[in-house]
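Engineer: One structure follows; several queries about it will come next.
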Amino acid sequence: MTVKAVKMPCTSANVYTKVPDGGWGWTVAFAFFVVEALTYGIIKSFGVFFNDLMESFDETNSRISWIISICVFVQTFTAPLSTVLSNRFGHRLVVMAGGLLVSAGMVIASFARSVVDMYVTIGVVSGLGYCLSFLPTVTILSQYFDKRRSLVTAVASTGECFAVFSFAPAITALKEQIGWRYSMLSVGVLQLGITACGSLLRPIVIREQEEVKAQPPEESTETKYMLENEQTCTSIESIDSGVDITTSPSNVPGKTKAEPKSEEPKQQGQNLIENNSTPPEPKTKLLDFSVMRDYSFICYAFFGLFATLGFFAPSLYIIPLSRSLGIGKDHSAYILSAMAIAEVFGRIFAGWLLNKKPIRKIFIELICVVLLSVALVAFPFASGFWGLMICSVYFGFMLGTVAGTHIPLLAEDDVVGIERMSSAAGVYVFIQSLAGLAGPPLAGVLVDTTKNYSSAFYSCAAGMVLGAVFLALVRPCKTGLCHHQQQQQQVEESTAGPPPELPDDFIDMDIGKAENLGKGSDSVV
């Protein structure tokens, strides 16, 4: 059971003694489900507008496809900006602002007169809004859960899969009634729901309980030192004992009777009261670049960079590949739908599996990546409708196990931990943007050169295998880095040397003064 410590009225932040693993976190999980549907769900369903845009603007398929390419690139490239803004203004305001940008970009795009206008409105404006909406939501969701983090995140991330089922046919039917422009306008208005979801992201603070010890009264402290002085035969009021009046009573913290030192003890007493109160919270860094010195994070970032190459190929090339094998257009669409259904089950299965204890989650992720590589290699060997159907279902399931967990795994201690996840997620997604921008053109060049769609799947499989290699190095690098940090700390401590020791009691100093005065008087005699 978690204990809620205090509720901050100004920011509505809940302070817990430990991760709640539920509570308001379920509301945040629902908000993440809706945000997933209204961001990635819309992006994956945008293909229903392709033919309409080509006819209206008299453009080629490649030029229209750059709308989504620019959008995805801006979304991932601006991830560090999302992290900085979230740490500065909070996740709630950033997600609400992102929802406004997403909606504004889509609404303005419905009045576009050229494809260049689409590049700016949907590519840049909505792309930035997608980044500000998605990344802070998944980050704060990970903070609300610990033991159930993998399962809850995986289930909530299925929002985009359900959106593909519902939005694509709904938008298609809506276009037949009111046209593509008003349909896009309706989608933009619907995306205002992201702003409503952002308002549900209540901040959370984890603070350990501290036992408050009652401070003894000042009179008892003074009496204690008076008794000690009497036992050592050094009266505070006796000058002959060799005790300096200005050093003994005024050095007692909180002692204010000695007038020459009256102001300084008062300040010391105030400092003690302030020190005994709740310590101020450490200032949060807007973007913690220390993750770039973490070898395990660097390997994990390279894993995300190369694995991203294998995420897009089947969804882009499965229909052209099936058509090249003589499969009809309707049956090709069924293959893509089956892939999306399998992805839902893959995400749920991965969350359930990673929620088991004890288990090393990074190793489970590695196994899923290896199996996903096998799925990519199997596509070129498939023949006929059922061969592609089996490969698509297998790939969709394995894609769900990786796509729904690779960002939440940043919160695990094997990578960076929950404390630095916000900054790590921004840098991680930023690195992924490079593969997201270069991946589709690279596969397109290979297809144009070889005149075979199988080359696209082979290139993605090669990238996934490289990603698996770097993922396998995450755990060893983390262990080696920890030992290196411990050795560095030991070297720094030995170099700095022991701190200067302060006297335990001023009476010892007074006794020393008395002995010196006694020796001086003997020598004079």
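The way I read the labels, and the way they are meant: chains A, B, ... in the order of the structure tokens, residue 1 as the first residue of every chain, and ligand 1 as the first ligand shown, with later ones counted on from there.
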Just the residues within 10 Å of Asp146 (chain A), please, counting only C-alpha atoms, with nothing from its chain fewer than 4 positions along; format it as an MDAnalysis selection string.

Structural biologist: chainID A and resid 18:22 141:142 150 152 355 411:412 418

Engineer: Where does region 419-444 of chain A meet region 58-78 of chain A within 8 Å, residue by residue, with the nearest atom pair and distance in Å to one decimal for each, counting only C-alpha atoms, listed by chain and rising number, as a tab-separated table?

Structural biologist:
```
residue	atom	partner	partner_atom	distance
A:Val429	CA	A:Thr76	CA	5.4
A:Phe430	CA	A:Phe77	CA	4.6
A:Ile431	CA	A:Phe77	CA	7.5
A:Gln432	CA	A:Thr76	CA	6.8
A:Ser433	CA	A:Thr76	CA	4.9
A:Leu434	CA	A:Phe73	CA	7.7
A:Gly436	CA	A:Phe73	CA	6.4
A:Leu437	CA	A:Phe73	CA	5.8
```

Engineer: Considering only C-alpha atoms, can you say which of A:Ala170, A:His406, A:Ala338, A:Phe457 comes closest to Tyr394 (chain A)?

Structural biologist: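 Under the stated criterion, the closest residue is A:Ala338.
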
Engineer: Under the rule of at most 12 Å, produce a per-residue listing of region 114-145 of chain A near region 24-35 of chain A: chain, number, name, the closest pair of atoms, and the distance in Å, as JSON lines, using only C-alpha atoms.

Structural biologist:
```
{"residue": "A:Gly129", "atom": "CA", "partner": "A:Val35", "partner_atom": "CA", "distance": 11.4}
{"residue": "A:Tyr130", "atom": "CA", "partner": "A:Val35", "partner_atom": "CA", "distance": 9.2}
{"residue": "A:Cys131", "atom": "CA", "partner": "A:Val35", "partner_atom": "CA", "distance": 11.1}
{"residue": "A:Leu132", "atom": "CA", "partner": "A:Val35", "partner_atom": "CA", "distance": 10.9}
{"residue": "A:Ser133", "atom": "CA", "partner": "A:Val35", "partner_atom": "CA", "distance": 7.2}
{"residue": "A:Phe134", "atom": "CA", "partner": "A:Val35", "partner_atom": "CA", "distance": 6.7}
{"residue": "A:Leu135", "atom": "CA", "partner": "A:Phe32", "partner_atom": "CA", "distance": 9.9}
{"residue": "A:Pro136", "atom": "CA", "partner": "A:Phe32", "partner_atom": "CA", "distance": 9.7}
{"residue": "A:Thr137", "atom": "CA", "partner": "A:Phe32", "partner_atom": "CA", "distance": 6.0}
{"residue": "A:Val138", "atom": "CA", "partner": "A:Phe32", "partner_atom": "CA", "distance": 6.7}
{"residue": "A:Thr139", "atom": "CA", "partner": "A:Phe32", "partner_atom": "CA", "distance": 10.0}
{"residue": "A:Ile140", "atom": "CA", "partner": "A:Val28", "partner_atom": "CA", "distance": 8.0}
{"residue": "A:Leu141", "atom": "CA", "partner": "A:Val28", "partner_atom": "CA", "distance": 6.1}
{"residue": "A:Ser142", "atom": "CA", "partner": "A:Gly25", "partner_atom": "CA", "distance": 9.1}
{"residue": "A:Gln143", "atom": "CA", "partner": "A:Gly25", "partner_atom": "CA", "distance": 8.6}
{"residue": "A:Tyr144", "atom": "CA", "partner": "A:Gly25", "partner_atom": "CA", "distance": 5.2}
{"residue": "A:Phe145", "atom": "CA", "partner": "A:Gly25", "partner_atom": "CA", "distance": 7.1}
```

Engineer: Find the residues around Leu376 (chain A) up to 10 Å (only C-alpha atoms counted), leave out those fewer than 6 positions away in its own chain, and share them as a ChimeraX atom specification.

Structural biologist: /A:310-311,313-314,391-392,394-395,454,456-462,464

Engineer: With only C-alpha atoms as the basis for distance, which of A:Val155, A:Val416, A:Ala104, A:Ala37 is at the shortest distance from Arg293 (chain A)?

Structural biologist: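 Closest candidate: A:Val416.
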
Engineer: Can you pull out every residue within 9 Å of Met184 (chain A), counting only C-alpha atoms, but drop anything in the same chain fewer than 6 positions away, and send it as a ChimeraX atom specification?

Structural biologist: /A:49,106-107,109-110,171,175

Engineer: Restricting it to C-alpha atoms, dump the selection as a short mmCIF file (atom, residue, chain, number, x, y, z; two decimals), in the first residue's frame.

Structural biologist:
```cif
data_model
loop_
_atom_site.label_atom_id
_atom_site.label_comp_id
_atom_site.auth_asym_id
_atom_site.auth_seq_id
_atom_site.Cartn_x
_atom_site.Cartn_y
_atom_site.Cartn_z
CA PHE A 49 -5.72 10.85 -48.16
CA MET A 106 -4.27 19.51 -39.43
CA VAL A 107 -7.02 22.14 -39.60
CA ALA A 109 -3.78 21.76 -43.88
CA SER A 110 -7.40 21.24 -44.91
CA ILE A 171 -12.32 8.55 -42.65
CA LYS A 175 -14.75 11.41 -47.45
#
```

Engineer: Taking only C-alpha atoms into account, name the residue in A:Ala403, A:Leu446, A:Ala154, A:Leu100 that is nearest to Leu190 (chain A).

Structural biologist: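 The answer is A:Leu100, which sits nearest to Leu190 (chain A).
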